[in-house]
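**Q** Structure file model-v5.cif, mmCIF, C-alpha atoms; chains and numbers go by the auth columns, is pasted below:
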data_query
loop_
_atom_site.group_PDB
_atom_site.id
_atom_site.type_symbol
_atom_site.label_atom_id
_atom_site.label_comp_id
_atom_site.label_asym_id
_atom_site.label_seq_id
_atom_site.Cartn_x
_atom_site.Cartn_y
_atom_site.Cartn_z
_atom_site.B_iso_or_equiv
_atom_site.auth_seq_id
_atom_site.auth_asym_id
ATOM 1 C CA MET A 1 80.308 12.598 125.568 0.00 1 A
ATOM 2 C CA PHE A 2 78.174 10.160 123.600 0.00 2 A
ATOM 3 C CA TYR A 3 77.448 9.154 120.048 0.00 3 A
ATOM 4 C CA LEU A 4 74.077 8.799 118.368 0.00 4 A
ATOM 5 C CA GLY A 5 74.793 7.090 115.068 0.00 5 A
ATOM 6 C CA ARG A 6 77.207 9.398 113.245 0.00 6 A
ATOM 7 C CA PHE A 7 76.588 12.333 115.594 0.00 7 A
ATOM 8 C CA TYR A 8 78.675 13.283 118.598 0.00 8 A
ATOM 9 C CA PHE A 9 76.932 15.085 121.478 0.00 9 A
ATOM 10 C CA SER A 10 78.877 17.259 123.940 0.00 10 A
ATOM 11 C CA LYS A 11 77.880 18.006 127.552 0.00 11 A
ATOM 12 C CA LYS A 12 76.183 21.314 126.610 0.00 12 A
ATOM 13 C CA GLU A 13 74.146 19.658 123.860 0.00 13 A
ATOM 14 C CA LEU A 14 73.101 16.875 126.207 0.00 14 A
ATOM 15 C CA PHE A 15 71.853 19.381 128.792 0.00 15 A
ATOM 16 C CA LEU A 16 70.056 21.387 126.097 0.00 16 A
ATOM 17 C CA LEU A 17 68.369 18.164 124.955 0.00 17 A
ATOM 18 C CA ILE A 18 67.325 17.327 128.537 0.00 18 A
ATOM 19 C CA ALA A 19 66.033 20.910 128.996 0.00 19 A
ATOM 20 C CA GLY A 20 64.007 20.574 125.773 0.00 20 A
ATOM 21 C CA ILE A 21 62.440 17.300 126.956 0.00 21 A
ATOM 22 C CA ALA A 22 61.755 18.788 130.421 0.00 22 A
ATOM 23 C CA LEU A 23 60.072 21.806 128.795 0.00 23 A
ATOM 24 C CA ILE A 24 57.821 19.555 126.675 0.00 24 A
ATOM 25 C CA VAL A 25 56.823 17.655 129.837 0.00 25 A
ATOM 26 C CA MET A 26 56.162 20.988 131.610 0.00 26 A
ATOM 27 C CA LEU A 27 54.063 22.211 128.691 0.00 27 A
ATOM 28 C CA LYS A 28 51.986 19.012 128.718 0.00 28 A
ATOM 29 C CA SER A 29 51.513 19.040 132.499 0.00 29 A
ATOM 30 C CA GLY A 30 50.632 22.758 132.559 0.00 30 A
ATOM 31 C CA TYR A 31 53.438 23.677 134.956 0.00 31 A
ATOM 32 C CA SER A 32 55.495 26.835 134.366 0.00 32 A
ATOM 33 C CA LEU A 33 58.512 28.472 135.973 0.00 33 A
ATOM 34 C CA PRO A 34 57.799 31.723 137.821 0.00 34 A
ATOM 35 C CA TYR A 35 58.203 34.792 135.531 0.00 35 A
ATOM 36 C CA PHE A 36 58.818 32.586 132.463 0.00 36 A
ATOM 37 C CA LYS A 37 56.412 31.232 129.869 0.00 37 A
ATOM 38 C CA THR A 38 57.093 27.584 129.059 0.00 38 A
ATOM 39 C CA ASP A 39 56.190 27.881 125.370 0.00 39 A
ATOM 40 C CA TYR A 40 58.615 30.813 124.940 0.00 40 A
ATOM 41 C CA LEU A 41 61.421 28.844 126.599 0.00 41 A
ATOM 42 C CA LEU A 42 60.677 25.796 124.442 0.00 42 A
ATOM 43 C CA ALA A 43 60.634 27.873 121.236 0.00 43 A
ATOM 44 C CA LEU A 44 64.019 29.423 122.094 0.00 44 A
ATOM 45 C CA THR A 45 65.472 26.010 122.994 0.00 45 A
ATOM 46 C CA LEU A 46 64.313 24.575 119.660 0.00 46 A
ATOM 47 C CA LEU A 47 65.731 27.568 117.759 0.00 47 A
ATOM 48 C CA THR A 48 69.057 27.082 119.564 0.00 48 A
ATOM 49 C CA PHE A 49 69.018 23.423 118.527 0.00 49 A
ATOM 50 C CA ILE A 50 68.471 24.417 114.897 0.00 50 A
ATOM 51 C CA VAL A 51 71.208 27.084 114.968 0.00 51 A
ATOM 52 C CA LYS A 52 73.568 24.653 116.699 0.00 52 A
ATOM 53 C CA GLY A 53 73.297 22.362 113.702 0.00 53 A
ATOM 54 C CA PHE A 54 74.679 25.114 111.478 0.00 54 A
ATOM 55 C CA ILE A 55 77.634 26.372 113.494 0.00 55 A
ATOM 56 C CA PRO A 56 80.738 24.450 114.612 0.00 56 A
ATOM 57 C CA THR A 57 81.227 23.386 118.254 0.00 57 A
ATOM 58 C CA THR A 58 84.130 25.855 118.652 0.00 58 A
ATOM 59 C CA HIS A 59 81.562 28.687 118.458 0.00 59 A
ATOM 60 C CA ASP A 60 79.432 27.376 121.321 0.00 60 A
ATOM 61 C CA SER A 61 80.087 30.289 123.705 0.00 61 A
ATOM 62 C CA PRO A 62 78.533 33.106 121.593 0.00 62 A
ATOM 63 C CA LEU A 63 75.545 30.874 120.827 0.00 63 A
ATOM 64 C CA LEU A 64 74.913 30.055 124.484 0.00 64 A
ATOM 65 C CA ILE A 65 75.435 33.675 125.587 0.00 65 A
ATOM 66 C CA THR A 66 72.845 34.784 123.001 0.00 66 A
ATOM 67 C CA PHE A 67 70.492 32.014 124.123 0.00 67 A
ATOM 68 C CA LEU A 68 70.769 32.967 127.815 0.00 68 A
ATOM 69 C CA THR A 69 70.398 36.694 127.059 0.00 69 A
ATOM 70 C CA SER A 70 67.244 35.969 125.048 0.00 70 A
ATOM 71 C CA LEU A 71 65.873 33.876 127.922 0.00 71 A
ATOM 72 C CA ALA A 72 66.476 36.731 130.364 0.00 72 A
ATOM 73 C CA LEU A 73 64.892 39.266 127.980 0.00 73 A
ATOM 74 C CA THR A 74 61.654 37.218 127.766 0.00 74 A
ATOM 75 C CA ILE A 75 60.877 38.452 131.285 0.00 75 A
ATOM 76 C CA TYR A 76 60.736 42.085 130.156 0.00 76 A
ATOM 77 C CA PHE A 77 59.996 42.210 126.414 0.00 77 A
ATOM 78 C CA PRO A 78 57.371 40.787 124.043 0.00 78 A
ATOM 79 C CA PHE A 79 58.328 37.483 122.427 0.00 79 A
ATOM 80 C CA PHE A 80 58.226 38.873 118.889 0.00 80 A
ATOM 81 C CA GLN A 81 60.978 41.348 119.787 0.00 81 A
ATOM 82 C CA ILE A 82 63.033 38.531 121.341 0.00 82 A
ATOM 83 C CA ILE A 83 62.785 36.467 118.137 0.00 83 A
ATOM 84 C CA ILE A 84 64.002 39.438 116.074 0.00 84 A
ATOM 85 C CA PHE A 85 66.775 40.057 118.630 0.00 85 A
ATOM 86 C CA TYR A 86 67.807 36.394 118.446 0.00 86 A
ATOM 87 C CA PHE A 87 68.191 36.347 114.649 0.00 87 A
ATOM 88 C CA LEU A 88 69.767 39.806 114.471 0.00 88 A
ATOM 89 C CA SER A 89 72.364 38.859 117.083 0.00 89 A
ATOM 90 C CA PHE A 90 73.593 36.033 114.799 0.00 90 A
ATOM 91 C CA LEU A 91 73.788 38.486 111.924 0.00 91 A
ATOM 92 C CA PHE A 92 75.909 40.874 114.015 0.00 92 A
ATOM 93 C CA LEU A 93 78.010 38.031 115.464 0.00 93 A
ATOM 94 C CA LYS A 94 78.764 36.970 111.898 0.00 94 A
ATOM 95 C CA MET A 95 79.484 40.577 110.887 0.00 95 A
ATOM 96 C CA PHE A 96 81.957 41.019 113.768 0.00 96 A
ATOM 97 C CA ARG A 97 83.549 37.675 112.855 0.00 97 A
ATOM 98 C CA VAL A 98 82.746 36.060 116.206 0.00 98 A
ATOM 99 C CA ILE A 99 81.140 33.025 114.573 0.00 99 A
ATOM 100 C CA MET B 1 104.277 40.645 125.430 0.00 1 B
ATOM 101 C CA SER B 2 103.852 37.384 127.289 0.00 2 B
ATOM 102 C CA ILE B 3 101.599 34.689 125.833 0.00 3 B
ATOM 103 C CA LYS B 4 99.339 34.892 128.877 0.00 4 B
ATOM 104 C CA LYS B 5 98.770 38.628 128.388 0.00 5 B
ATOM 105 C CA HIS B 6 98.188 38.138 124.683 0.00 6 B
ATOM 106 C CA HIS B 7 95.570 35.476 125.422 0.00 7 B
ATOM 107 C CA ARG B 8 93.842 37.792 127.877 0.00 8 B
ATOM 108 C CA ILE B 9 93.646 40.599 125.305 0.00 9 B
ATOM 109 C CA LEU B 10 92.232 38.190 122.721 0.00 10 B
ATOM 110 C CA LYS B 11 89.627 37.014 125.222 0.00 11 B
ATOM 111 C CA ILE B 12 88.568 40.616 126.065 0.00 12 B
ATOM 112 C CA LYS B 13 88.297 41.428 122.352 0.00 13 B
ATOM 113 C CA PHE B 14 86.251 38.260 121.747 0.00 14 B
ATOM 114 C CA PHE B 15 83.739 38.910 124.532 0.00 15 B
ATOM 115 C CA GLY B 16 83.691 42.640 123.733 0.00 16 B
ATOM 116 C CA ARG B 17 82.553 41.855 120.207 0.00 17 B
ATOM 117 C CA ILE B 18 79.870 39.483 121.534 0.00 18 B
ATOM 118 C CA ILE B 19 78.538 42.162 123.910 0.00 19 B
ATOM 119 C CA LEU B 20 78.627 44.784 121.130 0.00 20 B
ATOM 120 C CA ALA B 21 76.701 42.442 118.803 0.00 21 B
ATOM 121 C CA LEU B 22 74.060 41.760 121.478 0.00 22 B
ATOM 122 C CA VAL B 23 73.616 45.431 122.408 0.00 23 B
ATOM 123 C CA LEU B 24 73.365 46.438 118.733 0.00 24 B
ATOM 124 C CA SER B 25 70.851 43.719 117.951 0.00 25 B
ATOM 125 C CA PHE B 26 68.768 44.736 120.972 0.00 26 B
ATOM 126 C CA PHE B 27 68.520 48.346 119.783 0.00 27 B
ATOM 127 C CA VAL B 28 67.866 47.343 116.173 0.00 28 B
ATOM 128 C CA SER B 29 65.118 44.929 117.280 0.00 29 B
ATOM 129 C CA LYS B 30 63.599 47.709 119.437 0.00 30 B
ATOM 130 C CA PHE B 31 63.671 50.075 116.460 0.00 31 B
ATOM 131 C CA LEU B 32 62.086 47.447 114.184 0.00 32 B
ATOM 132 C CA THR B 33 59.265 46.567 116.592 0.00 33 B
ATOM 133 C CA ASP B 34 58.547 50.249 117.290 0.00 34 B
ATOM 134 C CA ASN B 35 58.682 51.558 113.719 0.00 35 B
ATOM 135 C CA ILE B 36 58.340 48.778 111.154 0.00 36 B
ATOM 136 C CA PHE B 37 56.135 46.111 112.757 0.00 37 B
ATOM 137 C CA LEU B 38 52.670 46.690 114.120 0.00 38 B
ATOM 138 C CA ASN B 39 51.793 45.822 117.710 0.00 39 B
ATOM 139 C CA TYR B 40 54.590 43.216 118.219 0.00 40 B
ATOM 140 C CA SER B 41 53.307 41.006 115.409 0.00 41 B
ATOM 141 C CA PRO B 42 54.852 40.135 111.998 0.00 42 B
ATOM 142 C CA THR B 43 52.396 42.567 110.324 0.00 43 B
ATOM 143 C CA ILE B 44 54.282 45.435 108.706 0.00 44 B
ATOM 144 C CA ARG B 45 52.907 48.947 109.249 0.00 45 B
ATOM 145 C CA GLN B 46 51.150 50.588 106.326 0.00 46 B
ATOM 146 C CA ASP B 47 52.756 53.946 107.087 0.00 47 B
ATOM 147 C CA VAL B 48 56.373 52.776 107.564 0.00 48 B
ATOM 148 C CA ALA B 49 57.978 55.502 105.437 0.00 49 B
ATOM 149 C CA LYS B 50 55.729 58.251 106.818 0.00 50 B
ATOM 150 C CA ASN B 51 56.331 57.155 110.409 0.00 51 B
ATOM 151 C CA ILE B 52 60.132 57.105 110.016 0.00 52 B
ATOM 152 C CA TRP B 53 60.031 60.448 108.175 0.00 53 B
ATOM 153 C CA ASN B 54 57.992 62.021 110.995 0.00 54 B
ATOM 154 C CA LYS B 55 60.378 60.691 113.645 0.00 55 B
ATOM 155 C CA THR B 56 63.420 61.928 111.721 0.00 56 B
ATOM 156 C CA ASN B 57 61.841 65.364 111.433 0.00 57 B
ATOM 157 C CA TYR B 58 61.047 65.322 115.133 0.00 58 B
ATOM 158 C CA LEU B 59 64.675 64.495 116.027 0.00 59 B
ATOM 159 C CA ALA B 60 66.002 67.073 113.549 0.00 60 B
ATOM 160 C CA GLY B 61 63.699 69.607 115.175 0.00 61 B
ATOM 161 C CA PHE B 62 65.703 69.404 118.398 0.00 62 B
ATOM 162 C CA PHE B 63 68.606 71.130 116.671 0.00 63 B
ATOM 163 C CA ASN B 64 66.367 74.032 115.732 0.00 64 B
ATOM 164 C CA PRO B 65 67.061 77.047 118.067 0.00 65 B
ATOM 165 C CA ASP B 66 63.338 77.783 118.496 0.00 66 B
ATOM 166 C CA LYS B 67 62.670 74.222 119.585 0.00 67 B
ATOM 167 C CA LEU B 68 65.604 74.301 122.032 0.00 68 B
ATOM 168 C CA LEU B 69 64.219 77.509 123.575 0.00 69 B
ATOM 169 C CA SER B 70 60.816 75.909 123.967 0.00 70 B
ATOM 170 C CA LEU B 71 62.386 73.163 126.132 0.00 71 B
ATOM 171 C CA ILE B 72 62.932 75.715 128.934 0.00 72 B
ATOM 172 C CA PRO B 73 60.238 75.074 131.571 0.00 73 B
ATOM 173 C CA PHE B 74 57.052 77.000 130.940 0.00 74 B
ATOM 174 C CA GLN B 75 56.770 78.420 134.450 0.00 75 B
ATOM 175 C CA LYS B 76 60.175 80.146 134.251 0.00 76 B
ATOM 176 C CA LYS B 77 59.438 81.723 130.894 0.00 77 B
ATOM 177 C CA PHE B 78 55.984 82.801 132.057 0.00 78 B
ATOM 178 C CA SER B 79 57.115 84.419 135.301 0.00 79 B
ATOM 179 C CA SER B 80 59.898 86.321 133.564 0.00 80 B
ATOM 180 C CA GLN B 81 57.415 87.870 131.184 0.00 81 B
ATOM 181 C CA ILE B 82 54.858 89.093 133.747 0.00 82 B
ATOM 182 C CA PRO B 83 55.296 92.744 134.717 0.00 83 B
ATOM 183 C CA ASN B 84 55.437 93.434 138.472 0.00 84 B
ATOM 184 C CA GLU B 85 52.147 95.393 138.559 0.00 85 B
ATOM 185 C CA VAL B 86 50.272 92.450 137.070 0.00 86 B
ATOM 186 C CA LYS B 87 51.933 90.100 139.561 0.00 87 B
ATOM 187 C CA ASN B 88 50.788 92.280 142.472 0.00 88 B
ATOM 188 C CA GLU B 89 47.314 92.483 140.992 0.00 89 B
ATOM 189 C CA LEU B 90 47.177 88.673 140.709 0.00 90 B
ATOM 190 C CA THR B 91 48.317 88.111 144.310 0.00 91 B
ATOM 191 C CA SER B 92 45.550 90.328 145.654 0.00 92 B
ATOM 192 C CA ALA B 93 42.887 88.837 143.351 0.00 93 B
ATOM 193 C CA PRO B 94 40.389 86.397 144.927 0.00 94 B
ATOM 194 C CA LYS B 95 41.007 82.716 144.345 0.00 95 B
ATOM 195 C CA SER B 96 38.076 80.539 143.245 0.00 96 B
ATOM 196 C CA GLU B 97 38.111 76.732 143.190 0.00 97 B
ATOM 197 C CA ILE B 98 36.719 75.335 139.942 0.00 98 B
ATOM 198 C CA GLN B 99 37.422 71.697 140.805 0.00 99 B
ATOM 199 C CA LYS B 100 39.000 70.070 143.834 0.00 100 B
ATOM 200 C CA GLY B 101 42.684 71.133 143.764 0.00 101 B
ATOM 201 C CA ILE B 102 42.350 73.490 140.764 0.00 102 B
ATOM 202 C CA TYR B 103 42.135 77.235 141.497 0.00 103 B
ATOM 203 C CA VAL B 104 41.619 80.194 139.188 0.00 104 B
ATOM 204 C CA LYS B 105 42.566 83.813 139.824 0.00 105 B
ATOM 205 C CA GLU B 106 41.082 86.416 137.542 0.00 106 B
ATOM 206 C CA THR B 107 41.688 90.139 137.113 0.00 107 B
ATOM 207 C CA ASN B 108 40.488 92.405 134.298 0.00 108 B
ATOM 208 C CA ASN B 109 42.048 90.516 131.418 0.00 109 B
ATOM 209 C CA ILE B 110 44.441 88.046 133.039 0.00 110 B
ATOM 210 C CA LYS B 111 43.688 84.526 134.227 0.00 111 B
ATOM 211 C CA GLN B 112 45.961 82.351 136.361 0.00 112 B
ATOM 212 C CA THR B 113 45.396 78.661 136.985 0.00 113 B
ATOM 213 C CA GLU B 114 46.945 76.942 140.005 0.00 114 B
ATOM 214 C CA ILE B 115 46.997 73.163 140.216 0.00 115 B
ATOM 215 C CA HIS B 116 47.558 71.669 143.672 0.00 116 B
ATOM 216 C CA TYR B 117 48.339 68.045 142.918 0.00 117 B
ATOM 217 C CA ASN B 118 48.209 66.905 146.519 0.00 118 B
ATOM 218 C CA GLU B 119 44.638 68.208 146.926 0.00 119 B
ATOM 219 C CA ILE B 120 43.244 66.468 143.850 0.00 120 B
ATOM 220 C CA GLU B 121 41.359 63.225 144.494 0.00 121 B
ATOM 221 C CA TRP B 122 42.834 60.624 142.183 0.00 122 B
ATOM 222 C CA GLU B 123 41.099 57.601 140.750 0.00 123 B
ATOM 223 C CA GLU B 124 42.954 54.535 139.458 0.00 124 B
ATOM 224 C CA VAL B 125 41.708 53.130 136.129 0.00 125 B
ATOM 225 C CA ASN B 126 43.006 50.458 133.746 0.00 126 B
ATOM 226 C CA TYR B 127 44.276 51.896 130.477 0.00 127 B
ATOM 227 C CA LEU B 128 45.000 49.970 127.252 0.00 128 B
ATOM 228 C CA ARG B 129 48.250 51.280 125.720 0.00 129 B
ATOM 229 C CA LYS B 130 49.218 51.401 122.026 0.00 130 B
ATOM 230 C CA SER B 131 51.582 48.450 122.541 0.00 131 B
ATOM 231 C CA GLY B 132 48.656 46.255 123.673 0.00 132 B
ATOM 232 C CA THR B 133 49.597 46.178 127.371 0.00 133 B
ATOM 233 C CA THR B 134 47.232 47.298 130.109 0.00 134 B
ATOM 234 C CA GLU B 135 48.457 49.745 132.735 0.00 135 B
ATOM 235 C CA THR B 136 46.927 51.321 135.820 0.00 136 B
ATOM 236 C CA ILE B 137 46.873 55.105 135.520 0.00 137 B
ATOM 237 C CA ARG B 138 45.678 57.850 137.896 0.00 138 B
ATOM 238 C CA ILE B 139 43.152 60.416 136.695 0.00 139 B
ATOM 239 C CA PRO B 140 41.296 63.137 138.672 0.00 140 B
ATOM 240 C CA LYS B 141 38.064 61.739 140.118 0.00 141 B
ATOM 241 C CA GLY B 142 35.028 62.490 137.968 0.00 142 B
ATOM 242 C CA THR B 143 36.973 63.027 134.733 0.00 143 B
ATOM 243 C CA ASN B 144 37.092 60.696 131.728 0.00 144 B
ATOM 244 C CA PRO B 145 40.264 58.692 130.948 0.00 145 B
ATOM 245 C CA PRO B 146 41.987 59.339 127.563 0.00 146 B
ATOM 246 C CA PRO B 147 40.727 57.221 124.620 0.00 147 B
ATOM 247 C CA PRO B 148 42.265 53.685 124.620 0.00 148 B
ATOM 248 C CA GLN B 149 45.422 53.041 122.543 0.00 149 B
ATOM 249 C CA LEU B 150 46.184 56.763 122.151 0.00 150 B
ATOM 250 C CA PHE B 151 49.581 56.561 123.928 0.00 151 B
#
So that I can check it, write out the structure of this file as structure tokens.

**A**
Amino acid sequence: MFYLGRFYFSKKELFLLIAGIALIVMLKSGYSLPYFKTDYLLALTLLTFIVKGFIPTTHDSPLLITFLTSLALTIYFPFFQIIIFYFLSFLFLKMFRVI
Amino acid sequence: MSIKKHHRILKIKFFGRIILALVLSFFVSKFLTDNIFLNYSPTIRQDVAKNIWNKTNYLAGFFNPDKLLSLIPFQKKFSSQIPNEVKNELTSAPKSEIQKGIYVKETNNIKQTEIHYNEIEWEEVNYLRKSGTTETIRIPKGTNPPPPQLF
């Protein structure tokens, strides 16, 4: 899609970047989505950004599925459990040779 | 096998493994937050080994024949053990109300308690659970709620 210096950004990464910026704006303005906590969403988005730097683009689907599942789980479960779920899912994805 | 079919099988296997990984990690995270970490924080419980040992014993207890027998509802076991004469004696005994909705029948050496849930006046109170969440529970009016963070 576009280059930033040496780095190439795909459509998914661009949207994730926009979502991250939008979440920072929401956090600053005090607005939040119904049922979701903005700081939780921002933390998960940042974690996804970090993980994305470590895995190749061909393994985008498992990463995004994990990300979306974690987002959905924040409605029902405490954030600490979601963080553990998020890291464990990468461990299991690696164990099952998905990523 | 056609290439299309082969691709489909590969795709099912791929997403199946993703779903399996997510389900497994959910249950492991649930186990960790319930048994290893304290109150959904990074603090590790002091009694980790004891807690897991107790839970293992509890689960193992279900395979014990005595424990399995005790799972049969109390009422059924109770009624099967009462001789007919005592039953007749209890039916003719006068019923006294000790609290709204709770009745006691008494003969020479037998007591029977009847609880009529629909007659009890309930009161809604906020209760702080062990996990740190607050829930609204119903208790009989005039009684004290259980101590906070017990359940």

**Q** Quick one: residues within 10 Å of Val51 of chain A, all atoms listed in the file counted, chain neighbours fewer than 4 positions away excluded, as a list in words?

**A**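 The contact residues come out as Thr45, Leu46, Leu47, Ile55, Pro56, Leu63, Phe87 and Phe90 of chain A.
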
**Q** When the PyMOL selection byres ((chain B) within 12 of (chain A)) is applied to the file above, which residues end up in the set, as an mmCIF file with C-alpha atoms, in the coordinates of the input?

**A**
data_model
loop_
_atom_site.group_PDB
_atom_site.id
_atom_site.type_symbol
_atom_site.label_atom_id
_atom_site.label_comp_id
_atom_site.auth_asym_id
_atom_site.auth_seq_id
_atom_site.Cartn_x
_atom_site.Cartn_y
_atom_site.Cartn_z
ATOM 1 C CA LEU B 10 92.232 38.190 122.721
ATOM 2 C CA LYS B 11 89.627 37.014 125.222
ATOM 3 C CA LYS B 13 88.297 41.428 122.352
ATOM 4 C CA PHE B 14 86.251 38.260 121.747
ATOM 5 C CA PHE B 15 83.739 38.910 124.532
ATOM 6 C CA GLY B 16 83.691 42.640 123.733
ATOM 7 C CA ARG B 17 82.553 41.855 120.207
ATOM 8 C CA ILE B 18 79.870 39.483 121.534
ATOM 9 C CA ILE B 19 78.538 42.162 123.910
ATOM 10 C CA LEU B 20 78.627 44.784 121.130
ATOM 11 C CA ALA B 21 76.701 42.442 118.803
ATOM 12 C CA LEU B 22 74.060 41.760 121.478
ATOM 13 C CA VAL B 23 73.616 45.431 122.408
ATOM 14 C CA LEU B 24 73.365 46.438 118.733
ATOM 15 C CA SER B 25 70.851 43.719 117.951
ATOM 16 C CA PHE B 26 68.768 44.736 120.972
ATOM 17 C CA PHE B 27 68.520 48.346 119.783
ATOM 18 C CA VAL B 28 67.866 47.343 116.173
ATOM 19 C CA SER B 29 65.118 44.929 117.280
ATOM 20 C CA LYS B 30 63.599 47.709 119.437
ATOM 21 C CA PHE B 31 63.671 50.075 116.460
ATOM 22 C CA LEU B 32 62.086 47.447 114.184
ATOM 23 C CA THR B 33 59.265 46.567 116.592
ATOM 24 C CA ASP B 34 58.547 50.249 117.290
ATOM 25 C CA ILE B 36 58.340 48.778 111.154
ATOM 26 C CA PHE B 37 56.135 46.111 112.757
ATOM 27 C CA LEU B 38 52.670 46.690 114.120
ATOM 28 C CA ASN B 39 51.793 45.822 117.710
ATOM 29 C CA TYR B 40 54.590 43.216 118.219
ATOM 30 C CA SER B 41 53.307 41.006 115.409
ATOM 31 C CA PRO B 42 54.852 40.135 111.998
ATOM 32 C CA THR B 43 52.396 42.567 110.324
ATOM 33 C CA SER B 131 51.582 48.450 122.541
ATOM 34 C CA GLY B 132 48.656 46.255 123.673
ATOM 35 C CA THR B 133 49.597 46.178 127.371
#

**Q** Written as a PDB file with C-alpha atoms, in the frame of the given file, which residues does the PyMOL selection byres ((chain B and resi 118) around 12) give for the file shown?

**A**
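Result file part_39.pdb:
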ATOM      1  CA  LYS B 100      39.000  70.070 143.834  1.00  0.00           C
ATOM      2  CA  GLY B 101      42.684  71.133 143.764  1.00  0.00           C
ATOM      3  CA  ILE B 102      42.350  73.490 140.764  1.00  0.00           C
ATOM      4  CA  ILE B 115      46.997  73.163 140.216  1.00  0.00           C
ATOM      5  CA  HIS B 116      47.558  71.669 143.672  1.00  0.00           C
ATOM      6  CA  TYR B 117      48.339  68.045 142.918  1.00  0.00           C
ATOM      7  CA  GLU B 119      44.638  68.208 146.926  1.00  0.00           C
ATOM      8  CA  ILE B 120      43.244  66.468 143.850  1.00  0.00           C
ATOM      9  CA  GLU B 121      41.359  63.225 144.494  1.00  0.00           C
ATOM     10  CA  TRP B 122      42.834  60.624 142.183  1.00  0.00           C
ATOM     11  CA  PRO B 140      41.296  63.137 138.672  1.00  0.00           C
TER      12      PRO B 140
END

**Q** In Å, rounded to a single decimal, give me how far atom CA of Leu128 of chain B is from atom CA of Leu150 of chain B.

**A**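 Rounded to one decimal, the two atoms are 8.6 Å apart.
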
**Q** Excluding segment 24-35 of chain A and any residue of its chain fewer than 3 positions from it, enumerate the residues within 10 Å of it, using all atoms listed in the file, and give them as a VMD selection string.

**A** chain A and resid 18 to 21 38 to 39 41 to 42 72 74 to 76

**Q** Find the spatial neighbours of segment 83-92 of chain B, counting only C-alpha atoms, within a cut-off of 12 Å - ignore same-chain residues fewer than 4 positions away - and output them as a list in words.

**A**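 Counting only C-alpha atoms, the residues come to Phe78, Ser79, Val104, Lys105, Glu106, Thr107, Asn108, Asn109, Ile110, Lys111, Gln112, Thr113 and Glu114 of chain B.
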
**Q** Just want the 8 Å neighbourhood of Arg129 of chain B, counted on only C-alpha atoms, with same-chain residues fewer than 6 positions away dropped. Output as a list in words.

**A**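 Returned residues: Glu135, Pro148, Gln149, Leu150 and Phe151 of chain B.
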
**Q** Which centre and which edge lengths, in Å to one decimal, describe the axis-aligned box that holds all listed atoms of segment 22-30 of chain B after 8 Å is added on each side, as lines of an AutoDock Vina configuration file?

**A**
center_x = 68.8
center_y = 45.1
center_z = 119.3
size_x = 26.5
size_y = 22.6
size_z = 22.2

**Q** Which value, in Å to one decimal, gives the distance between atom CA of Lys55 of chain B and atom CA of Pro145 of chain B?

**A**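 Those two atoms sit 26.6 Å apart.
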
**Q** To one decimal place in Å, what is the distance between atom CA of Leu71 of chain A and atom CA of Ala43 of chain A?

**A**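 So the two atoms, atom CA of Leu71 of chain A and atom CA of Ala43 of chain A, lie 10.4 Å apart.
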
**Q** Extract, using all atoms listed in the file, all DNA, RNA and protein residues at most 9 Å from Asn51 of chain B, discarding same-chain residues fewer than 5 positions from it, and format them as a list in words.

**A** Asn35, Ile36, Arg45 and Thr56 of chain B

**Q** Using C-alpha atoms, can you write the selected residues to a file as a tab-separated table (two decimals), in the frame of the given file?

**A**
chain	number	residue	atom	x	y	z
B	35	ASN	CA	58.68	51.56	113.72
B	36	ILE	CA	58.34	48.78	111.15
B	45	ARG	CA	52.91	48.95	109.25
B	56	THR	CA	63.42	61.93	111.72

**Q** Could you expand the PyMOL selection byres ((chain A and resi 10-15) around 9) into the explicit residues it covers here, written as a list in words?

**A** Met1, Phe2, Tyr8, Phe9, Leu16, Leu17, Ile18, Ala19, Gly20, Phe49, Lys52, Thr57 and Asp60 of chain A

**Q** With N, CA and C atoms as the target, complete segment 71-79 of chain A and hand it back as a PDB file, keeping the file's coordinate frame.

**A**
ATOM      1  N   LEU A  71      66.722  34.425 126.843  1.00  0.00           N
ATOM      2  CA  LEU A  71      65.873  33.876 127.922  1.00  0.00           C
ATOM      3  C   LEU A  71      65.595  34.951 128.963  1.00  0.00           C
ATOM      4  N   ALA A  72      66.644  35.677 129.344  1.00  0.00           N
ATOM      5  CA  ALA A  72      66.476  36.731 130.364  1.00  0.00           C
ATOM      6  C   ALA A  72      65.570  37.848 129.838  1.00  0.00           C
ATOM      7  N   LEU A  73      65.700  38.172 128.552  1.00  0.00           N
ATOM      8  CA  LEU A  73      64.892  39.266 127.980  1.00  0.00           C
ATOM      9  C   LEU A  73      63.410  38.916 127.886  1.00  0.00           C
ATOM     10  N   THR A  74      63.084  37.591 127.858  1.00  0.00           N
ATOM     11  CA  THR A  74      61.654  37.218 127.766  1.00  0.00           C
ATOM     12  C   THR A  74      60.867  37.700 128.987  1.00  0.00           C
ATOM     13  N   ILE A  75      61.575  37.967 130.088  1.00  0.00           N
ATOM     14  CA  ILE A  75      60.877  38.452 131.285  1.00  0.00           C
ATOM     15  C   ILE A  75      60.330  39.861 131.041  1.00  0.00           C
ATOM     16  N   TYR A  76      61.085  40.671 130.293  1.00  0.00           N
ATOM     17  CA  TYR A  76      60.736  42.085 130.156  1.00  0.00           C
ATOM     18  C   TYR A  76      60.105  42.477 128.824  1.00  0.00           C
ATOM     19  N   PHE A  77      60.411  41.746 127.744  1.00  0.00           N
ATOM     20  CA  PHE A  77      59.996  42.210 126.414  1.00  0.00           C
ATOM     21  C   PHE A  77      59.083  41.206 125.725  1.00  0.00           C
ATOM     22  N   PRO A  78      58.265  41.706 124.770  1.00  0.00           N
ATOM     23  CA  PRO A  78      57.371  40.787 124.043  1.00  0.00           C
ATOM     24  C   PRO A  78      58.171  39.756 123.251  1.00  0.00           C
ATOM     25  N   PHE A  79      57.576  38.592 123.040  1.00  0.00           N
ATOM     26  CA  PHE A  79      58.328  37.483 122.427  1.00  0.00           C
ATOM     27  C   PHE A  79      58.736  37.786 120.988  1.00  0.00           C
TER      28      PHE A  79
END
